[in-house]
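J.: A single structure is presented below for examination.
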Amino acid sequence: MKFWKPKKKSWDRKIGLVLPGGGARGAYQVGVLKAIAEILPRRAPNPFAVISGTSAGAISSAVLASRARLFRYAVADLERVWGSFRSHHVFRSDPLTMFRTGGHWLAALAFGSLGVSAPKSLLDNQPLRDLMRRNIHFEAIQESIDKGYLDALAITAAGYGSARSISFYQGRADLESWHRVRRIGRPAKIAIEHLMASVAVPLIFPATQIGREYLGDGAMRQATPLSPAVRLGAERLMVIGVRDEGLNLLPGCDEPVPYPTLGGIAGYMLDALFMDGLSSDLERLTRINLILDHQSPDRTIEGAFGKLKFIDAFVVLPSQDIREIAIRHVMAMPRSVRMLMKGIGALNYGGRQLVSYLLFESGYTQELIALGYKDGMARRDELKLFMEGAPSKSPAGIDGWETLSSEYSQKLKVLEV
């Protein structure tokens, strides 16, 4: 590897920021962004050429894009909103609404064929729509692009009718749409409907109609969450995940094996929805980078299939099990919500997964922000070098993903700790 010299600019303008989904866990991403903001010059604009968000990550992405002139101020706005979250800011949680919702589901199950309309979702997230309308200036996204603070913003949702992952993007005029198997990139003027679609967790929140199709949470069909940022011109990637990848301990030989509760299964489904695509895509990137590193002097291959380029990625993951943090704050949830969680078995140890995604309470989100900030500052020197354009020291080009080596990499030597 050639000796690297810092560029004249204080950061590399070819970096794409990838913010995957994760419900309330998205507060962790805000903490990492806060650390990045402190590393950059105080009045620095947005340092990312492309910002790509899914589900809860889509909301933070839109805020950053709409306030791209001063990155630190944008992150401060994110911290203010995420740090003061209460459940009623995200979904209707008053006892009357929860009672009506439960009654509606029971009536639909019992008398669905006798005129009772089917409920659209478990929770009503109209308060989240109102919150975003007050806090996100969507017209400013194009201003950020026109003034050169941002090349593109991508928001991903899943089409229920087309069965495709749809990445809506707003960016420079020279950007091209794409069509791949089960995924497309479509130019659009990002609006609140795109965010509501991206955060529409199946069954929990209602789907959103855009054009002639209803769309749901973007993580559902997003097998390649790194792709939108790369398609839109990013040559390096900053990825902020929300899972520490810790494994659950199985019961001992003489211990009973408990049957999973409905809450435990729901949490497992959300975990698979939000996390598996990112892990698989990082492994795919690792293999492509290794091939390019061994087969091409300039680490690129071009042919009828297009052009493959070596892509450095910096990955930040929680240093603690977020599920354990959620357990400490579960009593902060409104009583009506706790009763619902208790009814589906989500308030015990096995249900902590589900709670960790739905616990929109300030004590919990503030602790996640603090954890993200701590993890980011613990890697301050690495982060600074990456933001300035320093190449990865790993042959696979991915820093910070070592904790997944035993589970996802088939023990490739390049990923062993």
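Each chain of the structure tokens is named A, B, ... in the order shown, its residues numbered from 1; ligands are numbered from 1 in display order.
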Hey, what's within 10 Å of Pro41 of chain A if we count only C-alpha atoms and toss same-chain stuff fewer than 3 positions away? As a PDB file with N, CA, C and O atoms, in the first residue's frame, please?
T.:
```
ATOM      1  N   SER A  10     -10.399  18.988   4.490  1.00  0.00           N
ATOM      2  CA  SER A  10     -10.366  18.362   5.807  1.00  0.00           C
ATOM      3  C   SER A  10     -11.078  17.024   5.830  1.00  0.00           C
ATOM      4  O   SER A  10     -11.044  16.337   6.826  1.00  0.00           O
ATOM      5  N   TRP A  11     -11.749  16.665   4.713  1.00  0.00           N
ATOM      6  CA  TRP A  11     -12.398  15.369   4.662  1.00  0.00           C
ATOM      7  C   TRP A  11     -12.526  14.913   3.223  1.00  0.00           C
ATOM      8  O   TRP A  11     -12.405  15.681   2.275  1.00  0.00           O
ATOM      9  N   ILE A  36     -18.719  12.197  15.249  1.00  0.00           N
ATOM     10  CA  ILE A  36     -18.160  12.630  13.967  1.00  0.00           C
ATOM     11  C   ILE A  36     -18.189  14.148  13.865  1.00  0.00           C
ATOM     12  O   ILE A  36     -17.234  14.784  13.400  1.00  0.00           O
ATOM     13  N   ALA A  37     -19.291  14.757  14.319  1.00  0.00           N
ATOM     14  CA  ALA A  37     -19.414  16.215  14.264  1.00  0.00           C
ATOM     15  C   ALA A  37     -18.324  16.896  15.089  1.00  0.00           C
ATOM     16  O   ALA A  37     -17.818  17.963  14.707  1.00  0.00           O
ATOM     17  N   GLU A  38     -17.939  16.309  16.197  1.00  0.00           N
ATOM     18  CA  GLU A  38     -16.897  16.906  17.040  1.00  0.00           C
ATOM     19  C   GLU A  38     -15.513  16.723  16.445  1.00  0.00           C
ATOM     20  O   GLU A  38     -14.604  17.509  16.716  1.00  0.00           O
ATOM     21  N   ALA A  44     -18.160  23.042   9.970  1.00  0.00           N
ATOM     22  CA  ALA A  44     -18.073  22.251   8.737  1.00  0.00           C
ATOM     23  C   ALA A  44     -19.462  21.893   8.219  1.00  0.00           C
ATOM     24  O   ALA A  44     -20.370  21.612   8.996  1.00  0.00           O
ATOM     25  N   PRO A  45     -19.640  21.901   6.900  1.00  0.00           N
ATOM     26  CA  PRO A  45     -20.908  21.441   6.338  1.00  0.00           C
ATOM     27  C   PRO A  45     -20.974  19.917   6.372  1.00  0.00           C
ATOM     28  O   PRO A  45     -20.032  19.249   6.814  1.00  0.00           O
ATOM     29  N   PHE A  71     -23.136  20.821   9.652  1.00  0.00           N
ATOM     30  CA  PHE A  71     -23.332  19.447  10.087  1.00  0.00           C
ATOM     31  C   PHE A  71     -23.552  19.353  11.591  1.00  0.00           C
ATOM     32  O   PHE A  71     -24.416  18.612  12.057  1.00  0.00           O
ATOM     33  N   ARG A  72     -22.796  20.102  12.363  1.00  0.00           N
ATOM     34  CA  ARG A  72     -22.909  20.016  13.818  1.00  0.00           C
ATOM     35  C   ARG A  72     -24.303  20.466  14.290  1.00  0.00           C
ATOM     36  O   ARG A  72     -24.870  19.865  15.197  1.00  0.00           O
TER      37      ARG A  72
END
```
J.: Excluding segment 361-368 of chain A and its own-chain neighbours fewer than 6 positions away, which residues fall within 8 Å of it when counting only C-alpha atoms? Please give them as a PyMOL selection string.
T.: chain A and resi 24-25+27-28+31+82-87+322+325-326+329+332-333
J.: Would you pick out the contacts of Ile204 of chain A at 8 Å or less, using only C-alpha atoms, so that residues sharing its chain but fewer than 3 positions from it are not included, and give the list as a PyMOL selection string?
T.: chain A and resi 121-123+200-201
J.: Dump N, CA, C and O atoms for the selected residues as a PDB file, in the first residue's frame?
T.:
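Contents of part_0.pdb, freshly written:
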```pdb
ATOM      1  N   SER A 121     -53.161  -1.867  11.213  1.00  0.00           N
ATOM      2  CA  SER A 121     -51.902  -2.031  11.931  1.00  0.00           C
ATOM      3  C   SER A 121     -52.172  -2.148  13.421  1.00  0.00           C
ATOM      4  O   SER A 121     -53.270  -1.834  13.894  1.00  0.00           O
ATOM      5  N   LEU A 122     -51.141  -2.581  14.142  1.00  0.00           N
ATOM      6  CA  LEU A 122     -51.257  -2.692  15.588  1.00  0.00           C
ATOM      7  C   LEU A 122     -51.243  -1.315  16.243  1.00  0.00           C
ATOM      8  O   LEU A 122     -51.944  -1.076  17.219  1.00  0.00           O
ATOM      9  N   LEU A 123     -50.443  -0.389  15.697  1.00  0.00           N
ATOM     10  CA  LEU A 123     -50.299   0.942  16.286  1.00  0.00           C
ATOM     11  C   LEU A 123     -50.552   2.025  15.233  1.00  0.00           C
ATOM     12  O   LEU A 123     -50.309   1.819  14.035  1.00  0.00           O
ATOM     13  N   ALA A 200     -42.694   2.151   7.964  1.00  0.00           N
ATOM     14  CA  ALA A 200     -43.924   1.380   8.181  1.00  0.00           C
ATOM     15  C   ALA A 200     -43.614  -0.092   8.450  1.00  0.00           C
ATOM     16  O   ALA A 200     -43.769  -0.949   7.578  1.00  0.00           O
ATOM     17  N   VAL A 201     -43.181  -0.364   9.670  1.00  0.00           N
ATOM     18  CA  VAL A 201     -42.870  -1.741  10.064  1.00  0.00           C
ATOM     19  C   VAL A 201     -44.119  -2.606   9.862  1.00  0.00           C
ATOM     20  O   VAL A 201     -45.206  -2.248  10.325  1.00  0.00           O
TER      21      VAL A 201
END
```
J.: Write out, as JSON lines, each residue of segment 114-182 of chain A that has an atom at most 8 Å from segment 222-242 of chain A, together with the closest pair of atoms and their distance in Å to one decimal, counting only C-alpha atoms, rows going by chain and rising number.
T.:
```
{"residue": "A:Ala152", "atom": "CA", "partner": "A:Leu232", "partner_atom": "CA", "distance": 6.8}
{"residue": "A:Ala154", "atom": "CA", "partner": "A:Pro228", "partner_atom": "CA", "distance": 6.8}
{"residue": "A:Thr156", "atom": "CA", "partner": "A:Gln222", "partner_atom": "CA", "distance": 7.9}
{"residue": "A:Ala158", "atom": "CA", "partner": "A:Gln222", "partner_atom": "CA", "distance": 7.8}
{"residue": "A:Ser165", "atom": "CA", "partner": "A:Gln222", "partner_atom": "CA", "distance": 5.7}
{"residue": "A:Ser167", "atom": "CA", "partner": "A:Pro228", "partner_atom": "CA", "distance": 6.9}
{"residue": "A:Leu175", "atom": "CA", "partner": "A:Leu232", "partner_atom": "CA", "distance": 6.6}
{"residue": "A:Glu176", "atom": "CA", "partner": "A:Leu232", "partner_atom": "CA", "distance": 7.9}
{"residue": "A:Trp178", "atom": "CA", "partner": "A:Arg231", "partner_atom": "CA", "distance": 7.9}
```
J.: DSSP on the backbone, strand (DSSP E or B) only: what residues of segment 220-257 of chain A does that give? Format it as a ChimeraX atom specification.
T.: /A:236-240
J.: For the residues selected in the previous step, produce a file with all heavy atoms as a compact mmCIF listing (two decimals), in the first residue's frame.
T.:
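Writing done, so here's result-v8.txt:
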```
# COMPACT_ATOMS: atom_id res chain seq x y z
N ARG A 236 -16.59 5.42 -0.93
CA ARG A 236 -16.25 4.86 0.37
C ARG A 236 -17.50 4.96 1.22
O ARG A 236 -18.38 5.78 0.97
CB ARG A 236 -15.08 5.64 1.00
CG ARG A 236 -13.93 5.82 0.04
CD ARG A 236 -12.84 6.73 0.59
NE ARG A 236 -12.00 6.02 1.52
CZ ARG A 236 -11.67 6.46 2.73
NH1 ARG A 236 -12.14 7.60 3.17
NH2 ARG A 236 -10.88 5.77 3.50
N LEU A 237 -17.60 4.11 2.26
CA LEU A 237 -18.84 4.04 3.02
C LEU A 237 -18.61 4.14 4.53
O LEU A 237 -17.70 3.51 5.08
CB LEU A 237 -19.56 2.71 2.74
CG LEU A 237 -20.02 2.46 1.30
CD1 LEU A 237 -20.57 1.04 1.17
CD2 LEU A 237 -21.06 3.49 0.87
N MET A 238 -19.45 4.95 5.17
CA MET A 238 -19.54 5.00 6.62
C MET A 238 -20.85 4.33 7.00
O MET A 238 -21.92 4.78 6.60
CB MET A 238 -19.51 6.44 7.12
CG MET A 238 -19.86 6.62 8.60
SD MET A 238 -18.56 6.02 9.69
CE MET A 238 -17.24 7.18 9.31
N VAL A 239 -20.78 3.23 7.74
CA VAL A 239 -21.96 2.45 8.09
C VAL A 239 -22.12 2.44 9.60
O VAL A 239 -21.21 2.05 10.34
CB VAL A 239 -21.84 1.00 7.59
CG1 VAL A 239 -23.13 0.23 7.88
CG2 VAL A 239 -21.53 0.96 6.10
N ILE A 240 -23.29 2.88 10.08
CA ILE A 240 -23.56 2.89 11.52
C ILE A 240 -24.69 1.90 11.80
O ILE A 240 -25.85 2.16 11.51
CB ILE A 240 -23.94 4.29 12.03
CG1 ILE A 240 -22.90 5.31 11.60
CG2 ILE A 240 -24.08 4.27 13.55
CD1 ILE A 240 -23.23 6.73 12.01
```
J.: When you look at Ser55 of chain A with a cut-off of 9 Å (counting only C-alpha atoms), what residues show up, excluding the ones that are within fewer than 3 positions of it in the same chain? I need them as an MDAnalysis selection string.
T.: chainID A and resid 19:23 58:59 155:157 195:201 217:219 274
J.: Taking the backbone alone, and naming residues the way the document does, which bits of segment 175-368 of chain A are helix (DSSP H, G or I) by DSSP, as number ranges by chain?
T.: A: 192-198, 218-220, 227-231, 262-295, 322-332, 335-343, 349-358, 362-368
J.: Please compute the atom CA of Asp151 of chain A-atom CA of Glu302 of chain A distance, one decimal, in Å.
T.: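 It comes out at 24.3 Å.
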J.: Nearest to Asp271 of chain A among A:Leu383, A:Leu354, A:Ala68, A:Ala370, with distances taken over only C-alpha atoms: which residue is it?
T.: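 When distances to Asp271 of chain A are compared using only C-alpha atoms, the smallest one comes from A:Leu354.
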J.: Find the spatial neighbours of Arg284 of chain A, counting only C-alpha atoms, within a cut-off of 12 Å - ignore same-chain residues fewer than 4 positions away - and output them as a PDB file with N, CA and C atoms, in the first residue's frame.
T.:
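So result.pdb came out as:
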```pdb
ATOM      1  N   ALA A 223     -32.021  -6.382   0.453  1.00  0.00           N
ATOM      2  CA  ALA A 223     -30.958  -7.377   0.601  1.00  0.00           C
ATOM      3  C   ALA A 223     -29.573  -6.751   0.464  1.00  0.00           C
ATOM      4  N   THR A 224     -29.497  -5.576  -0.156  1.00  0.00           N
ATOM      5  CA  THR A 224     -28.213  -4.904  -0.377  1.00  0.00           C
ATOM      6  C   THR A 224     -28.291  -3.450   0.108  1.00  0.00           C
ATOM      7  N   PRO A 225     -28.311  -3.231   1.405  1.00  0.00           N
ATOM      8  CA  PRO A 225     -28.464  -1.864   1.929  1.00  0.00           C
ATOM      9  C   PRO A 225     -27.309  -0.927   1.611  1.00  0.00           C
ATOM     10  N   LEU A 226     -26.151  -1.463   1.203  1.00  0.00           N
ATOM     11  CA  LEU A 226     -25.028  -0.608   0.850  1.00  0.00           C
ATOM     12  C   LEU A 226     -25.156  -0.085  -0.579  1.00  0.00           C
ATOM     13  N   SER A 227     -25.966  -0.756  -1.388  1.00  0.00           N
ATOM     14  CA  SER A 227     -26.033  -0.475  -2.822  1.00  0.00           C
ATOM     15  C   SER A 227     -26.501   0.933  -3.177  1.00  0.00           C
ATOM     16  N   GLY A 277     -29.877  -8.143   6.313  1.00  0.00           N
ATOM     17  CA  GLY A 277     -29.448  -7.601   5.032  1.00  0.00           C
ATOM     18  C   GLY A 277     -28.107  -6.906   5.124  1.00  0.00           C
ATOM     19  N   LEU A 278     -27.904  -6.118   6.184  1.00  0.00           N
ATOM     20  CA  LEU A 278     -26.639  -5.408   6.353  1.00  0.00           C
ATOM     21  C   LEU A 278     -25.484  -6.384   6.533  1.00  0.00           C
ATOM     22  N   SER A 279     -25.671  -7.392   7.371  1.00  0.00           N
ATOM     23  CA  SER A 279     -24.604  -8.361   7.613  1.00  0.00           C
ATOM     24  C   SER A 279     -24.232  -9.099   6.331  1.00  0.00           C
ATOM     25  N   SER A 280     -25.232  -9.524   5.572  1.00  0.00           N
ATOM     26  CA  SER A 280     -24.979 -10.245   4.325  1.00  0.00           C
ATOM     27  C   SER A 280     -24.285  -9.349   3.304  1.00  0.00           C
ATOM     28  N   ILE A 288     -15.943  -9.341  -2.512  1.00  0.00           N
ATOM     29  CA  ILE A 288     -15.632  -8.601  -3.735  1.00  0.00           C
ATOM     30  C   ILE A 288     -14.321  -7.850  -3.590  1.00  0.00           C
ATOM     31  N   ASN A 289     -14.120  -7.205  -2.455  1.00  0.00           N
ATOM     32  CA  ASN A 289     -12.877  -6.473  -2.225  1.00  0.00           C
ATOM     33  C   ASN A 289     -11.667  -7.392  -2.256  1.00  0.00           C
ATOM     34  N   LEU A 290     -11.785  -8.571  -1.655  1.00  0.00           N
ATOM     35  CA  LEU A 290     -10.672  -9.515  -1.645  1.00  0.00           C
ATOM     36  C   LEU A 290     -10.330  -9.987  -3.055  1.00  0.00           C
ATOM     37  N   ILE A 291     -11.356 -10.238  -3.859  1.00  0.00           N
ATOM     38  CA  ILE A 291     -11.130 -10.656  -5.244  1.00  0.00           C
ATOM     39  C   ILE A 291     -10.416  -9.553  -6.018  1.00  0.00           C
ATOM     40  N   ILE A 311     -14.077  -0.887  -2.483  1.00  0.00           N
ATOM     41  CA  ILE A 311     -14.750   0.122  -1.668  1.00  0.00           C
ATOM     42  C   ILE A 311     -14.364  -0.043  -0.207  1.00  0.00           C
ATOM     43  N   ALA A 396      -9.337  -6.454   3.214  1.00  0.00           N
ATOM     44  CA  ALA A 396     -10.722  -6.491   2.767  1.00  0.00           C
ATOM     45  C   ALA A 396     -11.332  -5.102   2.702  1.00  0.00           C
ATOM     46  N   ILE A 398     -12.495  -3.220   5.058  1.00  0.00           N
ATOM     47  CA  ILE A 398     -13.580  -2.946   6.000  1.00  0.00           C
ATOM     48  C   ILE A 398     -13.024  -2.885   7.416  1.00  0.00           C
ATOM     49  N   TYR A 408     -20.509 -14.723  10.313  1.00  0.00           N
ATOM     50  CA  TYR A 408     -20.889 -14.419   8.939  1.00  0.00           C
ATOM     51  C   TYR A 408     -19.776 -14.619   7.913  1.00  0.00           C
ATOM     52  N   SER A 409     -18.535 -14.690   8.326  1.00  0.00           N
ATOM     53  CA  SER A 409     -17.455 -14.676   7.349  1.00  0.00           C
ATOM     54  C   SER A 409     -16.874 -16.040   7.041  1.00  0.00           C
TER      55      SER A 409
END
```
J.: How many Å separate atom CA of Val181 of chain A from atom CA of Gly216 of chain A?
T.: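 Between these atoms lies a distance of 18.5 Å.
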J.: Expressed in Å to a single decimal, how great is the separation between atom CA of Pro258 of chain A and atom CA of Leu359 of chain A?
T.: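 Separation between atom CA of Pro258 of chain A and atom CA of Leu359 of chain A: 24.6 Å.
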